[in-house]
$ cat upload27.txt   # compact mmCIF, C-alpha atoms
# COMPACT_ATOMS: atom_id res chain seq x y z
CA MET A 188 8.11 -18.42 -2.79
CA SER A 189 6.04 -18.78 -5.96
CA ARG A 190 8.08 -18.44 -9.15
CA VAL A 191 5.22 -18.61 -11.66
CA LYS A 192 5.58 -16.46 -14.77
CA PHE A 193 3.41 -13.68 -16.17
CA ILE A 194 2.09 -15.12 -19.43
CA HIS A 195 0.74 -12.01 -21.15
CA ALA A 196 2.83 -10.33 -23.84
CA TYR A 197 3.78 -6.67 -24.22
CA ASP A 198 1.29 -6.23 -27.06
CA HIS A 199 -1.52 -7.25 -24.74
CA ILE A 200 -0.69 -4.48 -22.25
CA ILE A 201 -0.34 -1.72 -24.86
CA SER A 202 -3.35 -2.81 -26.95
CA MET A 203 -6.07 -0.28 -27.73
CA GLU A 204 -8.52 -2.58 -26.00
CA ASN A 205 -6.56 -2.51 -22.75
CA LEU A 206 -5.90 1.24 -22.95
CA LEU A 207 -9.59 2.00 -23.53
CA ALA A 208 -10.59 -0.28 -20.65
CA ALA A 209 -8.01 1.45 -18.47
CA TRP A 210 -9.49 4.84 -19.39
CA LYS A 211 -12.93 3.76 -18.14
CA GLU A 212 -11.35 2.87 -14.79
CA PHE A 213 -9.13 5.93 -14.63
CA ILE A 214 -11.83 8.52 -15.31
CA LYS A 215 -14.06 7.51 -12.38
CA GLY A 216 -14.35 10.49 -10.04
CA LYS A 217 -12.15 12.66 -12.27
CA ARG A 218 -14.53 13.92 -14.96
CA ASN A 219 -14.52 17.46 -13.57
CA LYS A 220 -10.73 17.77 -13.56
CA LYS A 221 -9.43 20.26 -16.11
CA ASP A 222 -6.52 18.13 -17.34
CA VAL A 223 -8.80 15.11 -17.72
CA GLN A 224 -11.35 17.14 -19.70
CA GLU A 225 -8.62 18.44 -22.00
CA PHE A 226 -7.36 14.91 -22.67
CA GLN A 227 -10.92 13.73 -23.33
CA LEU A 228 -11.54 16.38 -26.02
CA ARG A 229 -9.42 14.28 -28.38
CA LEU A 230 -9.74 11.03 -26.49
CA PHE A 231 -9.36 8.48 -29.28
CA ASP A 232 -6.50 10.37 -30.92
CA ASN A 233 -4.68 10.73 -27.61
CA ILE A 234 -5.04 7.06 -26.75
CA TYR A 235 -4.11 5.96 -30.26
CA ASN A 236 -0.99 8.15 -30.25
CA LEU A 237 -0.02 6.69 -26.88
CA HIS A 238 -0.54 3.20 -28.31
CA LEU A 239 1.68 4.01 -31.32
CA GLU A 240 4.46 5.40 -29.13
CA LEU A 241 4.40 2.25 -27.02
CA LYS A 242 4.26 0.02 -30.08
CA ASN A 243 7.18 1.84 -31.75
CA LYS A 244 9.16 1.83 -28.47
CA ASN A 245 9.57 5.63 -28.37
CA TYR A 246 7.36 6.37 -25.37
CA HIS A 247 8.68 8.90 -22.84
CA THR A 248 7.10 9.97 -19.56
CA GLY A 249 6.05 13.58 -19.03
CA GLY A 250 7.43 14.23 -15.55
CA TYR A 251 5.61 14.97 -12.33
CA HIS A 252 3.82 17.80 -10.56
CA MET A 253 4.60 17.74 -6.83
CA PHE A 254 2.30 18.92 -4.06
CA LYS A 255 1.96 18.26 -0.33
CA LEU A 256 -0.86 16.33 1.29
CA HIS A 257 -1.47 16.39 5.05
CA ASP A 258 -3.17 13.08 5.94
CA PRO A 259 -2.30 13.12 8.78
CA ARG A 260 1.42 13.91 8.46
CA PRO A 261 2.83 15.85 5.48
CA ARG A 262 3.44 13.71 2.40
CA ASP A 263 4.95 14.65 -0.94
CA ILE A 264 2.58 13.55 -3.71
CA HIS A 265 3.96 13.39 -7.25
CA LYS A 266 1.24 13.59 -9.88
CA ALA A 267 1.94 12.44 -13.43
CA SER A 268 0.20 13.70 -16.57
CA VAL A 269 -3.18 12.24 -17.58
CA ARG A 270 -1.49 10.37 -20.42
CA ASP A 271 1.04 8.77 -18.10
CA ARG A 272 -1.52 7.97 -15.42
CA LEU A 273 -3.65 6.25 -18.05
CA LEU A 274 -0.69 4.03 -18.89
CA HIS A 275 -0.15 3.26 -15.21
CA HIS A 276 -3.76 2.07 -15.05
CA ALA A 277 -3.27 -0.06 -18.16
CA VAL A 278 -0.18 -1.70 -16.66
CA HIS A 279 -1.72 -2.11 -13.23
CA ARG A 280 -4.92 -3.77 -14.48
CA GLN A 281 -2.84 -6.50 -16.14
CA LEU A 282 -0.11 -7.02 -13.54
CA TYR A 283 -2.28 -6.80 -10.43
CA ILE A 284 -4.32 -9.94 -11.07
CA PHE A 285 -1.15 -11.97 -11.58
CA LEU A 286 1.15 -10.56 -8.91
CA ASP A 287 -1.54 -10.46 -6.22
CA LYS A 288 -1.75 -14.26 -6.35
CA THR A 289 1.91 -14.51 -5.32
CA PHE A 290 1.41 -12.46 -2.13
CA ILE A 291 0.84 -13.89 1.34
CA ASP A 292 -2.65 -13.77 2.81
CA ASP A 293 -1.62 -11.43 5.63
CA SER A 294 -0.50 -8.51 3.45
CA TYR A 295 -3.42 -6.06 3.57
CA SER A 296 -2.57 -2.80 1.80
CA CYS A 297 -3.93 -1.87 -1.67
CA ARG A 298 -5.41 -5.31 -2.34
CA GLU A 299 -8.95 -6.23 -3.31
CA GLY A 300 -10.79 -7.93 -0.47
CA LYS A 301 -8.22 -6.72 2.08
CA GLY A 302 -7.84 -3.20 3.53
CA THR A 303 -7.59 -1.64 6.98
CA HIS A 304 -10.71 -3.16 8.52
CA ARG A 305 -9.75 -6.72 7.60
CA ALA A 306 -6.25 -6.12 8.94
CA LEU A 307 -7.75 -4.91 12.24
CA ASN A 308 -9.93 -8.01 12.46
CA LYS A 309 -6.98 -10.31 11.76
CA PHE A 310 -5.00 -8.53 14.49
CA ARG A 311 -7.84 -9.30 16.90
CA ARG A 312 -7.94 -12.98 15.86
CA PHE A 313 -4.16 -13.21 16.30
CA GLY A 314 -4.60 -11.80 19.81
CA TYR A 315 -7.17 -14.44 20.74
CA LYS A 316 -4.98 -17.26 19.45
CA VAL A 317 -1.68 -16.12 20.97
CA THR A 318 -3.27 -15.40 24.37
CA SER A 319 -5.23 -18.69 24.20
CA ASN A 320 -8.45 -16.71 24.57
CA ASN A 321 -6.93 -14.22 26.99
CA THR A 322 -5.45 -16.76 29.41
CA LYS A 323 -1.77 -16.15 28.51
CA THR A 324 0.48 -13.16 27.83
CA ALA A 325 0.94 -12.11 24.22
CA TRP A 326 4.00 -10.07 23.23
CA VAL A 327 3.74 -7.89 20.14
CA LEU A 328 6.66 -6.64 18.06
CA LYS A 329 5.47 -3.57 16.14
CA CYS A 330 7.73 -2.04 13.46
CA ASP A 331 7.60 0.78 10.91
CA ILE A 332 9.97 1.20 7.96
CA LYS A 333 11.72 4.56 7.77
CA LYS A 334 10.90 6.71 4.69
CA PHE A 335 9.47 3.67 2.95
CA PHE A 336 8.47 4.92 -0.53
CA ALA A 337 11.52 7.19 -0.75
CA SER A 338 13.86 4.29 0.11
CA ILE A 339 12.74 1.74 -2.51
CA ASP A 340 15.80 0.70 -4.55
CA GLN A 341 14.67 0.87 -8.18
CA GLU A 342 17.30 -1.58 -9.42
CA LYS A 343 16.41 -4.13 -6.74
CA LEU A 344 12.72 -3.72 -7.62
CA LEU A 345 13.38 -4.42 -11.29
CA LYS A 346 15.43 -7.52 -10.38
CA ILE A 347 12.50 -8.78 -8.29
CA LEU A 348 10.06 -8.17 -11.17
CA GLU A 349 12.34 -10.07 -13.56
CA VAL A 350 11.72 -13.24 -11.57
CA HIS A 351 8.06 -13.28 -12.60
CA ILE A 352 8.06 -11.39 -15.90
CA PRO A 353 10.00 -13.02 -18.76
CA ASP A 354 8.90 -10.56 -21.49
CA LYS A 355 11.80 -8.14 -22.05
CA ASP A 356 9.57 -5.49 -23.62
CA ILE A 357 7.32 -5.43 -20.54
CA LEU A 358 10.36 -5.17 -18.30
CA SER A 359 11.69 -2.33 -20.43
CA LEU A 360 8.39 -0.46 -20.06
CA LEU A 361 8.34 -1.06 -16.30
CA SER A 362 11.89 0.25 -16.13
CA ILE A 363 10.80 3.46 -17.88
CA LEU A 364 7.91 3.92 -15.45
CA ILE A 365 9.98 3.16 -12.35
CA ARG A 366 12.99 5.24 -13.38
CA SER A 367 10.77 8.18 -14.37
CA PHE A 368 10.81 9.19 -10.71
CA HIS A 369 13.90 10.86 -9.32
CA GLY A 370 14.04 10.94 -5.54
CA ASN A 371 16.50 12.66 -3.25
CA ILE A 372 18.95 9.80 -3.78
CA PRO A 373 19.54 8.75 -7.42
CA GLY A 374 18.03 5.36 -8.23
CA THR A 375 15.72 5.27 -5.24
CA GLY A 376 12.09 6.01 -4.54
CA LEU A 377 8.61 5.54 -5.96
CA PRO A 378 6.01 8.32 -6.21
CA LEU A 379 2.98 8.09 -3.93
CA GLY A 380 0.79 9.41 -6.77
CA ASN A 381 1.26 6.49 -9.20
CA LEU A 382 -1.24 3.62 -9.19
CA THR A 383 1.55 1.23 -10.16
CA SER A 384 3.47 2.20 -7.03
CA GLN A 385 0.90 0.26 -5.02
CA ILE A 386 1.60 -3.03 -6.77
CA PHE A 387 5.34 -2.34 -6.99
CA VAL A 388 5.76 -1.79 -3.23
CA ASN A 389 3.72 -4.90 -2.46
CA GLU A 390 5.94 -6.89 -4.82
CA TYR A 391 9.03 -5.37 -3.21
CA MET A 392 7.84 -6.16 0.31
CA ASN A 393 6.66 -9.62 -0.73
CA GLU A 394 10.34 -10.57 -0.51
CA PHE A 395 10.19 -9.66 3.17
CA ASP A 396 6.77 -11.28 3.68
CA GLN A 397 8.06 -14.58 2.29
CA PHE A 398 11.15 -14.32 4.48
CA MET A 399 8.97 -13.78 7.54
CA LYS A 400 6.69 -16.72 6.73
CA HIS A 401 9.15 -19.29 5.40
CA THR A 402 12.54 -18.45 6.91
CA ILE A 403 11.67 -16.75 10.21
CA LYS A 404 8.45 -18.83 10.32
CA ALA A 405 6.50 -16.08 12.07
CA LYS A 406 3.01 -17.59 12.27
CA TYR A 407 1.32 -14.48 13.64
CA TYR A 408 2.65 -11.82 11.28
CA LEU A 409 0.71 -9.22 9.30
CA ARG A 410 1.73 -6.18 7.29
CA TYR A 411 0.00 -3.03 6.03
CA THR A 412 2.32 -1.11 3.66
CA ASP A 413 5.33 -0.23 5.85
CA ASP A 414 3.76 -1.15 9.22
CA PHE A 415 3.94 -4.73 10.45
CA ILE A 416 3.44 -6.70 13.64
CA ILE A 417 4.45 -10.14 14.93
CA MET A 418 2.82 -11.77 17.95
CA ASN A 419 4.21 -14.52 20.15
CA GLN A 420 4.13 -15.69 23.76
CA ASP A 421 7.95 -15.68 23.79
CA LYS A 422 9.49 -12.22 24.24
CA ILE A 423 13.06 -13.48 23.69
CA LEU A 424 12.04 -15.10 20.40
CA LEU A 425 10.69 -11.76 19.15
CA GLN A 426 13.87 -9.98 20.24
CA ASN A 427 15.92 -12.47 18.21
CA MET A 428 13.54 -12.05 15.25
CA LEU A 429 14.12 -8.31 15.33
CA ILE A 430 17.85 -8.83 14.77
CA GLU A 431 17.17 -11.00 11.70
CA ILE A 432 14.51 -8.58 10.43
CA LYS A 433 16.87 -5.60 10.52
CA LYS A 434 19.57 -7.60 8.74
CA PHE A 435 17.28 -8.82 5.95
CA LEU A 436 15.70 -5.43 5.30
CA HIS A 437 19.10 -3.73 5.11
CA GLU A 438 20.98 -6.35 3.07
CA LYS A 439 18.24 -7.51 0.69
CA LEU A 440 16.00 -4.46 0.27
CA GLY A 441 18.08 -1.48 1.39
CA LEU A 442 15.49 -0.55 4.02
CA THR A 443 15.79 0.41 7.68
CA LEU A 444 13.34 0.41 10.56
CA HIS A 445 12.30 3.73 12.05
CA PRO A 446 14.24 3.89 15.35
CA ASN A 447 11.41 5.65 17.16
CA LYS A 448 8.67 3.33 15.88
CA VAL A 449 9.88 -0.10 16.97
CA PHE A 450 8.05 -1.41 20.04
CA LEU A 451 8.01 -4.71 21.91
CA LYS A 452 5.10 -4.66 24.34
CA THR A 453 2.42 -6.90 25.77
CA LEU A 454 -0.96 -6.80 24.10
CA ALA A 455 -2.48 -5.98 27.51
CA SER A 456 -0.48 -2.72 27.66
CA GLY A 457 -2.07 -1.50 24.41
CA ILE A 458 -0.67 -1.70 20.86
CA ASP A 459 -0.88 1.28 18.51
CA PHE A 460 -1.60 -0.11 15.03
CA LEU A 461 -3.47 1.36 12.05
CA GLY A 462 -5.04 4.25 13.93
CA TRP A 463 -6.33 2.20 16.88
CA ILE A 464 -4.99 1.20 20.30
CA HIS A 465 -5.52 -2.56 20.67
CA PHE A 466 -6.13 -4.41 23.93
CA PRO A 467 -7.05 -8.07 24.51
CA HIS A 468 -10.81 -7.45 24.77
CA TYR A 469 -11.31 -4.24 22.81
CA ARG A 470 -9.74 -1.41 20.79
CA VAL A 471 -10.11 2.35 21.05
CA LEU A 472 -9.37 5.10 18.58
CA ARG A 473 -5.90 6.62 18.74
CA THR A 474 -6.02 10.10 20.29
CA SER A 475 -4.48 11.79 17.24
CA THR A 476 -6.97 10.01 14.96
CA LYS A 477 -9.83 11.12 17.18
CA ARG A 478 -8.68 14.75 17.14
CA ARG A 479 -8.26 14.71 13.38
CA MET A 480 -11.75 13.25 12.92
CA ILE A 481 -13.35 15.90 15.15
CA LYS A 482 -11.50 18.68 13.31
CA ASN A 483 -12.48 17.29 9.89
CA LEU A 484 -16.13 17.00 10.90
CA LYS A 485 -16.09 20.57 12.17
CA ASP A 486 -14.86 21.77 8.77
CA ASN A 487 -16.83 19.30 6.63
CA GLN A 488 -20.44 18.35 7.31
CA LYS A 489 -21.04 16.52 4.03
CA ALA A 490 -23.22 13.42 4.36
CA GLU A 491 -20.59 11.14 2.82
CA THR A 492 -17.93 12.37 5.27
CA ILE A 493 -20.20 11.75 8.26
CA ALA A 494 -21.13 8.32 6.91
CA SER A 495 -17.47 7.45 6.40
CA TYR A 496 -16.57 8.27 10.00
CA ARG A 497 -19.63 6.45 11.34
CA GLY A 498 -18.48 3.39 9.40
CA MET A 499 -14.95 3.68 10.77
CA LEU A 500 -16.11 4.00 14.38
CA LYS A 501 -18.14 0.80 14.14
CA HIS A 502 -14.88 -1.14 14.12
CA GLY A 503 -13.97 -0.36 17.73
CA ASN A 504 -15.32 0.39 21.20
CA THR A 505 -16.53 3.90 20.46
CA TYR A 506 -20.10 4.15 21.78
CA LYS A 507 -19.42 7.16 24.02
CA LEU A 508 -17.31 8.82 21.34
CA GLN A 509 -20.11 8.38 18.77
CA GLN A 510 -22.60 9.90 21.17
CA LYS A 511 -20.31 12.90 21.66
CA VAL A 512 -19.32 13.41 18.01
CA PHE A 513 -22.68 12.78 16.36
CA LYS A 514 -25.03 14.14 19.05
CA THR A 515 -25.95 17.08 16.79
CA GLN A 516 -26.17 15.02 13.61
$ encode --input "upload27.txt" --output "structure tokens"
Amino acid sequence: MSRVKFIHAYDHIISMENLLAAWKEFIKGKRNKKDVQEFQLRLFDNIYNLHLELKNKNYHTGGYHMFKLHDPRPRDIHKASVRDRLLHHAVHRQLYIFLDKTFIDDSYSCREGKGTHRALNKFRRFGYKVTSNNTKTAWVLKCDIKKFFASIDQEKLLKILEVHIPDKDILSLLSILIRSFHGNIPGTGLPLGNLTSQIFVNEYMNEFDQFMKHTIKAKYYLRYTDDFIIMNQDKILLQNMLIEIKKFLHEKLGLTLHPNKVFLKTLASGIDFLGWIHFPHYRVLRTSTKRRMIKNLKDNQKAETIASYRGMLKHGNTYKLQQKVFKTQ
């Protein structure tokens, strides 16, 4: 595992230059939000006061507003104040470039140049290789981590960050941001609403990714947030891997696999991964995803929504479905 160090200093992260640049990124798509408009009325003063608080080491977070989002299952979203979210952007824009370089290639969530579609394509390439172009049987171990964001151990996360970040002031700031969230269990959890949560969970799970690649030596492994798969021609090998996976996640990261979302099946029987059912020669949209899409299109006929779904459907065998869904478009 790479042990390179983050070279930027605390002053670089909290600088007016970085905060102003972060504001330009943060405000995209949010100009009509009331809280954003209120912050912008005294923009320079607000950013300068934030800078002074950070410089004088007396910055405190402002808490969270919680609401539920159904996409597709209910999720608790914790939204910080504009001031705090601006700081999360400022931290993220500096840490992301560095930490992303330490991640494995086959981690696909919340990373530039990655995403769902690239993960789907890599899954397909894995299938071709493991089946030797569909001449042999490929077994797939598919796992999902139970209550992932809510189960992140904040102290373990900070210990992991210490490996790469020598600056004590930066670590102190990260500690404030991480510990600002109070989950159901004290000392655990990260809020889904924070931009920094994306980089933090990838750094947390990078410990597992490195274990899978360098200790388990799983050649055909890929992960998207808390979902991951491993392919191999040897079913027994995957069964033995599962034992080691459970042990590592529990002992090193305090995580457990969802008991109802661990599957060991052949690729030919169909693998449910990232909204699609995958087979050796093709993939089809998961039934629940299809129903949700049809319902959303019934309620929302905006051009961008239609274009988004058209784009999504291009990534699978959906000709008949497209004809049915978009016949009136």
$ atom_distance --input "upload27.txt" --atom1 "CA of Asn393 in chain A" --atom2 "CA of Ile347 in chain A"
9.6 Å
$ residues_around --input "upload27.txt" --residues "range 422-434 of chain A" --least-positions-apart "4" --cutoff "7 Å" --atoms "only C-alpha atoms" --output "PDB file with C-alpha atoms, in the frame of the given file"
ATOM      1  CA  TRP A 326       4.000 -10.070  23.230  1.00  0.00           C
ATOM      2  CA  LEU A 328       6.660  -6.640  18.060  1.00  0.00           C
ATOM      3  CA  GLU A 438      20.980  -6.350   3.070  1.00  0.00           C
ATOM      4  CA  THR A 443      15.790   0.410   7.680  1.00  0.00           C
ATOM      5  CA  LEU A 444      13.340   0.410  10.560  1.00  0.00           C
TER       6      LEU A 444
END
$ closest_residue --input "upload27.txt" --among "A:Ala277, A:Leu241, A:Val449, A:Leu409" --to "Ile363 in chain A" --atoms "only C-alpha atoms"
A:Leu241
$ residues_near_point --input "upload27.txt" --point "(-9.1, 2.6, -24.1)" --cutoff "12 Å" --atoms "all atoms listed in the file" --output "compact mmCIF listing (two decimals) with C-alpha atoms, keeping the file's coordinate frame"
# COMPACT_ATOMS: atom_id res chain seq x y z
CA ILE A 200 -0.69 -4.48 -22.25
CA ILE A 201 -0.34 -1.72 -24.86
CA SER A 202 -3.35 -2.81 -26.95
CA MET A 203 -6.07 -0.28 -27.73
CA GLU A 204 -8.52 -2.58 -26.00
CA ASN A 205 -6.56 -2.51 -22.75
CA LEU A 206 -5.90 1.24 -22.95
CA LEU A 207 -9.59 2.00 -23.53
CA ALA A 208 -10.59 -0.28 -20.65
CA ALA A 209 -8.01 1.45 -18.47
CA TRP A 210 -9.49 4.84 -19.39
CA LYS A 211 -12.93 3.76 -18.14
CA GLU A 212 -11.35 2.87 -14.79
CA PHE A 213 -9.13 5.93 -14.63
CA ILE A 214 -11.83 8.52 -15.31
CA GLN A 227 -10.92 13.73 -23.33
CA LEU A 230 -9.74 11.03 -26.49
CA PHE A 231 -9.36 8.48 -29.28
CA ASP A 232 -6.50 10.37 -30.92
CA ASN A 233 -4.68 10.73 -27.61
CA ILE A 234 -5.04 7.06 -26.75
CA TYR A 235 -4.11 5.96 -30.26
CA ASN A 236 -0.99 8.15 -30.25
CA LEU A 237 -0.02 6.69 -26.88
CA HIS A 238 -0.54 3.20 -28.31
CA ARG A 270 -1.49 10.37 -20.42
CA LEU A 273 -3.65 6.25 -18.05
CA LEU A 274 -0.69 4.03 -18.89
CA HIS A 276 -3.76 2.07 -15.05
CA ALA A 277 -3.27 -0.06 -18.16
$ closest_residue --input "upload27.txt" --among "A:His465, A:Gly457, A:Phe368, A:Phe415" --to "Asn308 in chain A" --atoms "only C-alpha atoms"
A:His465
$ atom_distance --input "upload27.txt" --atom1 "CA of Leu358 in chain A" --atom2 "CA of Pro373 in chain A"
19.9 Å
$ atom_distance --input "upload27.txt" --atom1 "CA of Tyr197 in chain A" --atom2 "CA of Gln385 in chain A"
20.6 Å
$ closest_residue --input "upload27.txt" --among "A:Tyr469, A:Phe193, A:Phe313, A:Phe336" --to "Lys406 in chain A" --atoms "only C-alpha atoms"
A:Phe313
$ closest_residue --input "upload27.txt" --among "A:Ser359, A:Thr375, A:Asn487, A:Gln420" --to "Leu442 in chain A" --atoms "all atoms listed in the file"
A:Thr375
$ residues_around --input "upload27.txt" --residues "Asn419 in chain A" --least-positions-apart "6" --cutoff "7 Å" --atoms "only C-alpha atoms" --output "ChimeraX atom specification"
/A:317,325-327
$ closest_residue --input "upload27.txt" --among "A:Met399, A:Val269, A:Leu379, A:Ile365" --to "Asp293 in chain A" --atoms "all atoms listed in the file"
A:Met399
$ residues_near_point --input "upload27.txt" --point "(-4.4, 9.0, 19.6)" --cutoff "12 Å" --atoms "all atoms listed in the file" --output "MDAnalysis selection string"
chainID A and resid 259 457:465 470:480
$ closest_residue --input "upload27.txt" --among "A:Phe387, A:Phe310, A:Phe290, A:Tyr315" --to "Lys400 in chain A" --atoms "all atoms listed in the file"
A:Phe290
$ closest_atom_pairs --input "upload27.txt" --of "range 304-408 of chain A" --to "range 281-288 of chain A" --cutoff "9 Å" --atoms "all atoms listed in the file" --output "JSON lines"
{"residue": "A:His351", "atom": "CA", "partner": "A:Leu286", "partner_atom": "CA", "distance": 8.3}
{"residue": "A:Thr383", "atom": "CA", "partner": "A:Tyr283", "partner_atom": "CA", "distance": 8.9}
{"residue": "A:Ile386", "atom": "CA", "partner": "A:Tyr283", "partner_atom": "CA", "distance": 6.5}
{"residue": "A:Asn389", "atom": "CA", "partner": "A:Asp287", "partner_atom": "CA", "distance": 8.5}
{"residue": "A:Glu390", "atom": "CA", "partner": "A:Leu286", "partner_atom": "CA", "distance": 7.3}
$ residues_around --input "upload27.txt" --residues "Tyr391 in chain A" --least-positions-apart "5" --cutoff "9 Å" --atoms "only C-alpha atoms" --output "list in words"
Ile339, Lys343, Leu344, Ile347, Leu348, Ile386 and Leu440 of chain A
